[in-house]
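One file, input.cif, carrying mmCIF, C-alpha atoms:
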data_query
#
loop_
_atom_site.label_atom_id
_atom_site.label_comp_id
_atom_site.auth_asym_id
_atom_site.auth_seq_id
_atom_site.Cartn_x
_atom_site.Cartn_y
_atom_site.Cartn_z
CA ARG C 1 -80.48 -5.25 30.04
CA GLN C 2 -81.91 -7.80 27.59
CA VAL C 3 -80.66 -5.77 24.60
CA ALA C 4 -77.15 -5.71 26.09
CA HIS C 5 -77.29 -9.48 26.62
CA GLN C 6 -78.44 -10.10 23.03
CA SER C 7 -75.76 -7.75 21.69
CA LEU C 8 -73.07 -9.58 23.66
CA ASN C 9 -74.32 -12.97 22.42
CA PHE C 10 -74.29 -11.72 18.82
CA PHE C 11 -70.74 -10.37 19.25
CA LEU C 12 -69.57 -13.71 20.73
CA ILE C 13 -71.14 -15.70 17.88
CA LEU C 14 -69.59 -13.39 15.29
CA THR C 15 -66.17 -13.58 16.96
CA ALA C 16 -66.32 -17.38 17.22
CA THR C 17 -67.28 -17.67 13.54
CA LEU C 18 -64.38 -15.48 12.47
CA MET C 19 -61.97 -17.45 14.67
CA ILE C 20 -63.16 -20.75 13.16
CA TRP C 21 -62.76 -19.32 9.63
CA LYS C 22 -59.24 -18.08 10.37
CA GLY C 23 -58.35 -21.39 12.02
CA LEU C 24 -59.54 -23.28 8.94
CA SER C 25 -57.52 -20.91 6.74
CA VAL C 26 -54.35 -21.62 8.70
CA PHE C 27 -55.01 -25.37 8.96
CA THR C 28 -55.74 -25.81 5.23
CA ASN C 29 -53.18 -23.25 4.02
CA SER C 30 -55.92 -21.65 1.90
CA GLU C 31 -57.29 -18.13 1.98
CA SER C 32 -60.77 -19.54 1.21
CA PRO C 33 -61.06 -22.91 2.97
CA ILE C 34 -64.72 -23.36 2.00
CA VAL C 35 -66.32 -22.50 -1.36
CA VAL C 36 -69.76 -23.14 -2.85
CA VAL C 37 -70.27 -24.67 -6.30
CA LEU C 38 -72.22 -22.03 -8.23
CA SER C 39 -72.95 -23.78 -11.55
CA GLU C 40 -73.70 -27.19 -13.02
CA SER C 41 -70.32 -27.42 -14.80
CA MET C 42 -68.92 -29.93 -12.26
CA GLU C 43 -71.83 -32.41 -12.44
CA PRO C 44 -72.07 -35.32 -11.71
CA ALA C 45 -69.17 -35.03 -9.23
CA PHE C 46 -70.52 -31.88 -7.56
CA GLN C 47 -73.99 -30.42 -7.66
CA ARG C 48 -74.83 -26.73 -7.62
CA GLY C 49 -74.84 -25.55 -4.01
CA ASP C 50 -72.36 -28.17 -2.73
CA LEU C 51 -69.73 -27.00 -0.24
CA LEU C 52 -66.11 -27.78 -1.04
CA PHE C 53 -63.50 -27.87 1.72
CA LEU C 54 -60.17 -26.81 0.22
CA THR C 55 -56.57 -27.46 1.12
CA MET C 56 -53.44 -26.10 -0.48
CA GLY C 57 -51.16 -29.06 -1.09
CA SER C 58 -47.45 -28.92 -1.75
CA GLU C 59 -47.62 -31.43 -4.63
CA PRO C 60 -48.08 -30.23 -8.22
CA VAL C 61 -51.58 -30.43 -9.67
CA ARG C 62 -52.20 -33.62 -11.67
CA THR C 63 -54.67 -34.58 -14.37
CA GLY C 64 -58.06 -35.57 -12.92
CA GLU C 65 -57.73 -33.53 -9.74
CA ILE C 66 -60.15 -30.76 -8.86
CA CYS C 67 -58.59 -27.34 -8.45
CA VAL C 68 -59.86 -23.93 -7.45
CA PHE C 69 -58.28 -20.78 -8.79
CA LYS C 70 -58.93 -17.08 -8.76
CA VAL C 71 -59.15 -14.94 -11.87
CA LYS C 72 -57.68 -11.47 -11.51
CA GLY C 73 -60.47 -8.92 -11.17
CA LYS C 74 -63.12 -11.50 -10.18
CA ASP C 75 -64.40 -12.06 -6.65
CA VAL C 76 -65.65 -15.61 -7.16
CA PRO C 77 -63.12 -18.49 -7.32
CA ILE C 78 -63.37 -20.93 -10.24
CA VAL C 79 -63.69 -24.70 -9.60
CA HIS C 80 -62.65 -27.11 -12.39
CA ARG C 81 -61.26 -30.57 -12.97
CA VAL C 82 -57.77 -30.67 -14.49
CA ILE C 83 -57.98 -32.33 -17.90
CA GLU C 84 -54.39 -31.75 -18.93
CA ALA C 85 -51.27 -30.58 -17.09
CA HIS C 86 -48.61 -28.65 -18.98
CA ASP C 87 -44.96 -28.72 -17.94
CA GLU C 88 -43.29 -25.34 -17.77
#
Produce structure tokens that represent the structure in this file.
Amino acid sequence: RQVAHQSLNFFLILTATLMIWKGLSVFTNSESPIVVVLSESMEPAFQRGDLLFLTMGSEPVRTGEICVFKVKGKDVPIVHRVIEAHDE
């Protein structure tokens, strides 16, 4: 009986976590609403291990903003500050 209770609690926690993640994805319009800074390249603004909460805005990216992008074939998103914006 205790094993069944623990299994049910684990399932509820897992389900709640997935629902929160999906809710954040919908709210922020981002497939990855939270990312972790993996290197020191963004110091001093962000330290390694910092959590970034992302949103997908409708405005074009401007110089000085921080953006996150995915490279085809890589699992980890890249976080960088925009130093120059090119017009297409």
Put a box with edges along x, y and z around all the listed atoms of range 22-39 of chain C, pad it by 6 Å on each side, then give me its centre and sizes in Å, one decimal, as lines of an AutoDock Vina configuration file.
center_x = -63.1
center_y = -21.9
center_z = 0.2
size_x = 31.8
size_y = 19.7
size_z = 35.6
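Going from CA of Ser41 in chain C over to CA of His80 in chain C, you cover 8.0 Å.
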Residues in the PyMOL selection byres ((chain C and resi 31-35) around 6), expressed as number ranges by chain: C: 25, 30, 36, 51-54
Quick one: residues within 8 Å of Cys67 in chain C, only C-alpha atoms, excluding same-chain residues fewer than 5 positions away - as a ChimeraX atom specification? /C:61,79-82
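Restricting the calculation to all atoms listed in the file, the smallest distance between Asn29 in chain C and any of C:Arg48, C:Ile13, C:Met56, C:Leu8 is found for C:Met56.
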Could you rebuild range 69-80 of chain C with N, CA, C and O atoms and give it back as a PDB file, keeping the file's coordinate frame?
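For reference, part08.pdb as written:
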ATOM      1  N   PHE C  69     -59.203 -21.872  -8.524  1.00  0.00           N
ATOM      2  CA  PHE C  69     -58.280 -20.780  -8.790  1.00  0.00           C
ATOM      3  C   PHE C  69     -59.057 -19.473  -8.879  1.00  0.00           C
ATOM      4  O   PHE C  69     -60.264 -19.463  -9.083  1.00  0.00           O
ATOM      5  N   LYS C  70     -58.327 -18.397  -8.690  1.00  0.00           N
ATOM      6  CA  LYS C  70     -58.930 -17.080  -8.760  1.00  0.00           C
ATOM      7  C   LYS C  70     -58.502 -16.402 -10.046  1.00  0.00           C
ATOM      8  O   LYS C  70     -57.355 -16.514 -10.449  1.00  0.00           O
ATOM      9  N   VAL C  71     -59.431 -15.725 -10.677  1.00  0.00           N
ATOM     10  CA  VAL C  71     -59.150 -14.940 -11.870  1.00  0.00           C
ATOM     11  C   VAL C  71     -59.005 -13.494 -11.432  1.00  0.00           C
ATOM     12  O   VAL C  71     -59.841 -12.987 -10.677  1.00  0.00           O
ATOM     13  N   LYS C  72     -57.943 -12.864 -11.895  1.00  0.00           N
ATOM     14  CA  LYS C  72     -57.680 -11.470 -11.510  1.00  0.00           C
ATOM     15  C   LYS C  72     -58.884 -10.596 -11.891  1.00  0.00           C
ATOM     16  O   LYS C  72     -59.403 -10.682 -12.992  1.00  0.00           O
ATOM     17  N   GLY C  73     -59.339  -9.807 -10.943  1.00  0.00           N
ATOM     18  CA  GLY C  73     -60.470  -8.920 -11.170  1.00  0.00           C
ATOM     19  C   GLY C  73     -61.823  -9.535 -10.868  1.00  0.00           C
ATOM     20  O   GLY C  73     -62.840  -8.865 -10.971  1.00  0.00           O
ATOM     21  N   LYS C  74     -61.863 -10.827 -10.516  1.00  0.00           N
ATOM     22  CA  LYS C  74     -63.120 -11.500 -10.180  1.00  0.00           C
ATOM     23  C   LYS C  74     -63.124 -11.852  -8.699  1.00  0.00           C
ATOM     24  O   LYS C  74     -62.108 -12.233  -8.136  1.00  0.00           O
ATOM     25  N   ASP C  75     -64.284 -11.744  -8.074  1.00  0.00           N
ATOM     26  CA  ASP C  75     -64.400 -12.060  -6.650  1.00  0.00           C
ATOM     27  C   ASP C  75     -64.647 -13.537  -6.381  1.00  0.00           C
ATOM     28  O   ASP C  75     -64.334 -14.038  -5.324  1.00  0.00           O
ATOM     29  N   VAL C  76     -65.232 -14.231  -7.355  1.00  0.00           N
ATOM     30  CA  VAL C  76     -65.650 -15.610  -7.160  1.00  0.00           C
ATOM     31  C   VAL C  76     -64.564 -16.565  -7.672  1.00  0.00           C
ATOM     32  O   VAL C  76     -64.134 -16.455  -8.817  1.00  0.00           O
ATOM     33  N   PRO C  77     -64.108 -17.513  -6.837  1.00  0.00           N
ATOM     34  CA  PRO C  77     -63.120 -18.490  -7.320  1.00  0.00           C
ATOM     35  C   PRO C  77     -63.755 -19.465  -8.315  1.00  0.00           C
ATOM     36  O   PRO C  77     -64.954 -19.714  -8.284  1.00  0.00           O
ATOM     37  N   ILE C  78     -62.928 -20.005  -9.198  1.00  0.00           N
ATOM     38  CA  ILE C  78     -63.370 -20.930 -10.240  1.00  0.00           C
ATOM     39  C   ILE C  78     -62.983 -22.352  -9.830  1.00  0.00           C
ATOM     40  O   ILE C  78     -61.850 -22.604  -9.438  1.00  0.00           O
ATOM     41  N   VAL C  79     -63.927 -23.298  -9.936  1.00  0.00           N
ATOM     42  CA  VAL C  79     -63.690 -24.700  -9.600  1.00  0.00           C
ATOM     43  C   VAL C  79     -63.742 -25.510 -10.890  1.00  0.00           C
ATOM     44  O   VAL C  79     -64.729 -25.434 -11.624  1.00  0.00           O
ATOM     45  N   HIS C  80     -62.679 -26.263 -11.182  1.00  0.00           N
ATOM     46  CA  HIS C  80     -62.650 -27.110 -12.390  1.00  0.00           C
ATOM     47  C   HIS C  80     -61.818 -28.347 -12.152  1.00  0.00           C
ATOM     48  O   HIS C  80     -60.955 -28.371 -11.277  1.00  0.00           O
TER      49      HIS C  80
END
